[in-house]
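First up is the structure itself, then whatever we jot down about it.
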Amino acid sequence: MIEKPGTSKAAIRAEAERVFAAFQAAGAVPIDADILLPAETLLDLYGEDIRARAYVTTDPLQGEMMLRPDFTVPVVQAHMADGADPARYCYLGDVFRKQDHLGNRSSATLQVGFEVFDRQAPEAADAEVFALFRDVLAGLPIRAVTGDIGILMAAVRGLATTDRRKAALLRHIWRPQRFRALLDRFSGRAPISAARAALLERLAAGAPEELIAAAGPLVGLREAEEIGARAEALLEDAKAAPISALEAAMLYDLLQLQAPAGVALAHLRGISAHLPAIVPAVDRFASRLEALAARAVDVAALAFEASHGRTAMEYYDGFVFSFVGGDEVVASGGRYDALTAVLGQRRSIPAVGGIVRPHLVAALRGTV
Amino acid sequence: MVKIGVPSKGRLMEKTFEWFGARGLKMAKTGSEREYAGVVEGGGVELVMLSAGEIPRELAAGRIDLGVTGTDLVRDKLADWDRQVSEVAALGFGHADLIIAVPMAWIDVETLDDLDAAAAAFRARHGFRLRIATKYHRLVRDHLTAQGVADYQLVDSQGATEGTVKNLTAEAIADITSSGETLRANHLKVLSDAVILKSQAMLYRSALAQGAEVSALLDRIGLLQ
């Protein structure tokens with residue numbers, strides 16, 4: 001559809017161009033990404049969450065292709081393929097998401113993004129990105145919320161429990177309900193379910209190979225060895241001691257922590273006596289606050305929520321932030337060091353960035 | 001003229017005719033055995049013979065005012081289904097459960113919780129997500145998301161879904177089952193806590209249906225809402 005200047009589409013485009021120019025002025029190199037991307041990498045990374053929302057189509061030669069659901073993945077891939085670091089990139093373009101509910105949300109929305117790939121001083125880079133977003137959104141009726149997935153991950157990694165339980169908890173950091181259910185079970189707060197108790201009883205009754213053979217013909221790719229390994233893991237887990245009440249209480253406390261950043265830091269220092277594994281992550285949080293303060297962010301008032309970002313796409317693994325206006329997330333971003341390792345074929349680089357949604361900026365300004 | 005969409009063949013059609021007949025609305029097929037045409041005695045009602053799978057879409061578009069189809073189809077095919085159609089009456093037949101099933105030999109998997117853990121290990125070992133074959137993409141995905149299951153992928157299967165595991169195109173299935181015999185014959189078992197939907201035949205009214213005329217008809221057959 002072609003729209004004349006002065007219409008809403010033009011106002012949104014103008015807002016996007018303004019932010020894009022600000023990102024370039026901050027030293028970012030504009031980067032382009034294909035609109036049609038191979039689906040496999042994105043599906044493997046995001047799973048069914050993205051399949052439900054993205055436009056997937058089939059190309060007779062290239063196989064499953066996807067209309068660009070976000071820029072992060074193609075930008076990381078481009079950087080890992082031939083970018084020298086440190087690097088700062090920015091982009092402007094449509095992303096495509098199916099809208100699964102009735103209403104007037106658009107399936108194609110403009111995004112403007114800024115990404116930093118830098119091995120030096122990650123906390124300074126976090127602060128740089130946050131302050132830049134604050135500046136381009138200055139004057140809007142929005143509030144900032146920050147978090148740090150790295151502290152949660154450090155707390156889980158430091159639990160005095162089996163590696164298997166830690167891995168299960170880490171895997172579900174992004175699914176808060178499931179995480180909670182696992183933690184309740186591992187800490188003995190929730191009783192073992194009748195189904196699980198019956199299963200354990202059956203598994204304890206004989207060698208896995210015999211039980212498998214007795215259960216029925218084995219069909220499918222999953223082999224007897226894999227089934228046996230999990231059966232043994234279940235029996236082993238049933239014997240493991242529960243996560244201590246103190247550690248569990250500290251973790252529950254951490255998950256619920258919501259406070260101004262300065263107060264949150266003091267609180268985290270307090271609980272790190274009982275969760276010593278989080279000390280390095282809390283130190284990074286402290287140095288990020290210093291870097292933010294150096295960029296004139298009022299850290300005494302900055303909202304911090306330890307669980308912020310947990311329901312977003314599961315690639316953030318450190319600092320996370322959102323700028324919220326009304327019920328809408330106008331801009332958001334965070335650190336995703338692990339994603340670069342996943343996409344970089346064994347190479348990785350610390351990375352942080354975020355996106356602005358210009359249609360929401362324009363809506364807040366009243367220009368659409 | 002009120003348009004009613006009914007399944008165009010098989011037991012579902014016969015039972016639907018019986019159900020309306022018992023309420024004084026006599027329906028019958030017309031023309032040859034193979035022609036998809038029918039009439040309703042008494043006038044004022046047009047019968048539209050459709051595949052049960054197309055009835056949700058036709059209701060949503062308002063091309064039919066009323067329609068009989070399975071709750072599974074409406075909830076899987078329509079986004080925000082309850083804003084596009086409303087349930088008028090459960091017809092009491094066509095009962096079937098949408099379930100998740102895995103190989104019987106998976107002695108370590110009884111619940112969705114187990115499936116989730118098995119999926120994590122499967123992905124680590126095989127390098128791709130555990131595949132669940134289904135045609136009910138929306139219902140299965142919504143359920144697994146709500147239950148916090150990860151590391152799986154849905155693969156489309158429009159028929160003979162129980163065979164996909166043996167054919168190595170899926171590790172598990174999600175499908176409608178009424179008796180479980182086909183599952184057993186294909187060496188599969190149902191997860192104990194994974195009934196995604198208890199489906200049955202339902203009379204739906206389109207949100208776009210013409211008001212007074214449809215209400216008058218529903219009144220006539222004793223179903224005034």
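Letters for chains follow the order of the structure tokens (A, B, ...), residue numbers begin at 1 for each chain, and ligand numbers begin at 1 in the order shown.
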
Interface rows for segment 147-181 of chain A against segment 108-116 of chain B: nearest pair, Å to one decimal, 12 Å, only C-alpha atoms, as JSON lines:
```
{"residue": "A:Ala168", "atom": "CA", "partner": "B:Asp116", "partner_atom": "CA", "distance": 10.0}
{"residue": "A:Arg171", "atom": "CA", "partner": "B:Asp116", "partner_atom": "CA", "distance": 10.6}
{"residue": "A:His172", "atom": "CA", "partner": "B:Asp116", "partner_atom": "CA", "distance": 10.4}
{"residue": "A:Arg178", "atom": "CA", "partner": "B:Asp113", "partner_atom": "CA", "distance": 9.2}
{"residue": "A:Phe179", "atom": "CA", "partner": "B:Asp113", "partner_atom": "CA", "distance": 11.7}
{"residue": "A:Ala181", "atom": "CA", "partner": "B:Asp113", "partner_atom": "CA", "distance": 10.1}
```

Just the selected residues (N, CA and C atoms), exported as a PDB file, in the first residue's frame, please.
```pdb
ATOM      1  N   ALA A 168      18.617 -29.130  34.605  1.00  0.00           N
ATOM      2  CA  ALA A 168      17.158 -29.073  34.401  1.00  0.00           C
ATOM      3  C   ALA A 168      16.628 -27.687  34.755  1.00  0.00           C
ATOM      4  N   ARG A 171      17.764 -25.047  32.149  1.00  0.00           N
ATOM      5  CA  ARG A 171      17.034 -25.202  30.900  1.00  0.00           C
ATOM      6  C   ARG A 171      15.664 -24.526  30.977  1.00  0.00           C
ATOM      7  N   HIS A 172      15.103 -24.458  32.182  1.00  0.00           N
ATOM      8  CA  HIS A 172      13.753 -23.904  32.300  1.00  0.00           C
ATOM      9  C   HIS A 172      13.718 -22.514  32.922  1.00  0.00           C
ATOM     10  N   ARG A 178       7.415 -23.791  35.095  1.00  0.00           N
ATOM     11  CA  ARG A 178       8.074 -25.087  35.126  1.00  0.00           C
ATOM     12  C   ARG A 178       9.284 -25.044  36.063  1.00  0.00           C
ATOM     13  N   PHE A 179      10.006 -23.946  36.008  1.00  0.00           N
ATOM     14  CA  PHE A 179      11.178 -23.756  36.867  1.00  0.00           C
ATOM     15  C   PHE A 179      10.761 -23.899  38.325  1.00  0.00           C
ATOM     16  N   ALA A 181       8.104 -25.382  39.515  1.00  0.00           N
ATOM     17  CA  ALA A 181       7.682 -26.755  39.824  1.00  0.00           C
ATOM     18  C   ALA A 181       8.901 -27.642  40.075  1.00  0.00           C
TER      19      ALA A 181
END
```

> Could you pull out the strand (DSSP E) residues of segment 59-219 of chain B from DSSP and send them as a VMD selection string?
Replying inline: chain B and resid 66 to 70 85 to 90 96 to 103 130 to 134 152 to 156 172 to 177 188 to 199 201 to 206

Within 9 Å of Glu128 of chain A, counting only C-alpha atoms, which residues show up once you throw out same-chain ones fewer than 6 positions away? Write them as a list in words, please. Ala291, Leu292 and Arg295 of chain A

With a cut-off of 9 Å and counting only C-alpha atoms, select all residues of chain B in contact with chain A and give the selection as a PyMOL selection string.
chain B and resi 79-80+83+103-111+117-118+120-122+125-126+128-129+137-138+141+145-154+164-172+186-188+192

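For Gly211 of chain B, the list of residues within 12 Å, based on only C-alpha atoms and with local chain neighbours fewer than 2 positions off taken out, reads Met1, Val2, Gly62, Asp65, Leu66, Arg205, Ser206, Ala207, Leu208, Ala209, Glu213, Val214, Ser215, Ala216, Leu217, Leu218, Leu224 and Gln225 of chain B.
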
Exercise for review: Could you please write out, as a count of residues only, every residue of segment 62-108 of chain B that DSSP assigns to helix (DSSP H, G or I)?
Suggested key: 11

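The closest residue to Gly10 of chain B, picked from B:Ile64, B:Ala22, B:Ala124, B:Met49 and counting only C-alpha atoms, is B:Met49.
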
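If you count only C-alpha atoms and ignore residues fewer than 5 places along the chain from segment 40-45 of chain B, what sits within 7 Å of it is Met1, Val2, Lys3, Leu25, Lys26, Met27 and Ala28 of chain B.
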
Deliver the residues from the most recent selection as a file, using N, CA and C atoms, as a tab-separated table (two decimals), in the first residue's frame.
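This is the output file part19.tsv:
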```tsv
chain	number	residue	atom	x	y	z
B	1	MET	N	-33.50	-16.87	5.05
B	1	MET	CA	-33.06	-18.27	4.94
B	1	MET	C	-31.86	-18.51	5.85
B	2	VAL	N	-32.01	-19.46	6.79
B	2	VAL	CA	-30.89	-19.80	7.69
B	2	VAL	C	-30.08	-20.92	7.07
B	3	LYS	N	-28.76	-20.74	7.03
B	3	LYS	CA	-27.90	-21.78	6.45
B	3	LYS	C	-27.26	-22.61	7.56
B	25	LEU	N	-36.68	-31.19	13.13
B	25	LEU	CA	-36.13	-30.59	11.92
B	25	LEU	C	-35.61	-31.74	11.05
B	26	LYS	N	-36.45	-32.12	10.09
B	26	LYS	CA	-36.12	-33.31	9.33
B	26	LYS	C	-35.19	-32.98	8.17
B	27	MET	N	-34.00	-33.61	8.17
B	27	MET	CA	-33.01	-33.37	7.13
B	27	MET	C	-32.85	-34.64	6.30
B	28	ALA	N	-32.54	-34.47	5.02
B	28	ALA	CA	-32.30	-35.65	4.18
B	28	ALA	C	-31.37	-35.28	3.05
```

Give the answer as one residue: which of B:Leu203, B:His143, B:Ile100, B:Asp219 has the shortest atom-to-atom distance to Gly180 of chain B, using only C-alpha atoms?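 Closest to Gly180 of chain B of all the choices is B:Ile100.
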
Between atom CA of Glu201 of chain A and atom CA of Leu235 of chain A lies a distance of 9.2 Å

Using only C-alpha atoms, find each residue in segment 129-214 of chain A having at least one atom no more than 12 Å away from segment 12-25 of chain A; report its shortest atom-to-atom pair and that distance in Å (one decimal), rows by chain then rising number, as CSV.
```
residue,atom,partner,partner_atom,distance
A:Val129,CA,A:Phe23,CA,9.9
A:Ala131,CA,A:Phe23,CA,11.6
A:Leu132,CA,A:Phe23,CA,7.9
A:Phe133,CA,A:Phe23,CA,9.0
A:Arg134,CA,A:Val19,CA,11.3
A:Asp135,CA,A:Ala22,CA,9.0
A:Val136,CA,A:Val19,CA,6.2
A:Leu137,CA,A:Val19,CA,8.6
A:Ala138,CA,A:Val19,CA,11.2
```

Q) Can you tell me, as a PyMOL selection string, what residues are no more than 10 Å from Ile278 of chain A when counting only C-alpha atoms, ignoring any on the same chain fewer than 2 positions away? A) chain A and resi 150-158+268-269+271-276+280-284

Written selection (N, CA and C atoms) as a tab-separated table (two decimals), in the first residue's frame:
```
chain	number	residue	atom	x	y	z
A	150	GLY	N	21.94	-13.26	34.28
A	150	GLY	CA	23.23	-13.85	34.70
A	150	GLY	C	23.26	-14.16	36.19
A	151	ILE	N	22.60	-13.34	36.99
A	151	ILE	CA	22.59	-13.60	38.44
A	151	ILE	C	21.78	-14.86	38.74
A	152	LEU	N	20.64	-14.99	38.06
A	152	LEU	CA	19.82	-16.20	38.25
A	152	LEU	C	20.60	-17.45	37.85
A	153	MET	N	21.27	-17.36	36.70
A	153	MET	CA	22.00	-18.54	36.22
A	153	MET	C	23.14	-18.89	37.17
A	154	ALA	N	23.81	-17.87	37.69
A	154	ALA	CA	24.91	-18.12	38.63
A	154	ALA	C	24.37	-18.77	39.90
A	155	ALA	N	23.20	-18.31	40.35
A	155	ALA	CA	22.61	-18.86	41.57
A	155	ALA	C	22.28	-20.34	41.38
A	156	VAL	N	21.74	-20.68	40.20
A	156	VAL	CA	21.40	-22.08	39.94
A	156	VAL	C	22.67	-22.93	39.83
A	157	ARG	N	23.66	-22.41	39.11
A	157	ARG	CA	24.91	-23.17	38.95
A	157	ARG	C	25.60	-23.42	40.28
A	158	GLY	N	25.37	-22.52	41.24
A	158	GLY	CA	26.06	-22.64	42.53
A	158	GLY	C	25.32	-23.49	43.55
A	268	LEU	N	21.22	-8.11	47.24
A	268	LEU	CA	21.97	-9.21	46.64
A	268	LEU	C	23.26	-9.45	47.40
A	269	ARG	N	23.92	-8.39	47.84
A	269	ARG	CA	25.12	-8.54	48.66
A	269	ARG	C	24.78	-9.33	49.92
A	271	ILE	N	22.25	-11.58	50.38
A	271	ILE	CA	21.98	-13.01	50.19
A	271	ILE	C	23.19	-13.75	49.61
A	272	SER	N	24.17	-13.02	49.09
A	272	SER	CA	25.33	-13.73	48.52
A	272	SER	C	26.17	-14.39	49.61
A	273	ALA	N	25.93	-14.03	50.87
A	273	ALA	CA	26.59	-14.75	51.96
A	273	ALA	C	26.14	-16.20	51.97
A	274	HIS	N	24.87	-16.43	51.57
A	274	HIS	CA	24.33	-17.79	51.56
A	274	HIS	C	24.41	-18.43	50.18
A	275	LEU	N	24.60	-17.60	49.15
A	275	LEU	CA	24.74	-18.11	47.78
A	275	LEU	C	26.04	-17.56	47.20
A	276	PRO	N	27.18	-18.03	47.74
A	276	PRO	CA	28.46	-17.42	47.35
A	276	PRO	C	28.71	-17.48	45.83
A	280	PRO	N	30.46	-13.25	41.80
A	280	PRO	CA	31.00	-12.62	40.58
A	280	PRO	C	29.90	-11.93	39.75
A	281	ALA	N	28.71	-12.55	39.69
A	281	ALA	CA	27.62	-11.95	38.92
A	281	ALA	C	27.13	-10.66	39.59
A	282	VAL	N	27.11	-10.66	40.92
A	282	VAL	CA	26.69	-9.45	41.64
A	282	VAL	C	27.75	-8.36	41.47
A	283	ASP	N	29.03	-8.76	41.44
A	283	ASP	CA	30.09	-7.77	41.17
A	283	ASP	C	29.89	-7.13	39.80
A	284	ARG	N	29.51	-7.96	38.82
A	284	ARG	CA	29.27	-7.40	37.48
A	284	ARG	C	28.08	-6.45	37.50
```

note - atom CA of Thr177 of chain B and atom CA of Gln158 of chain B are separated by 14.2 Å
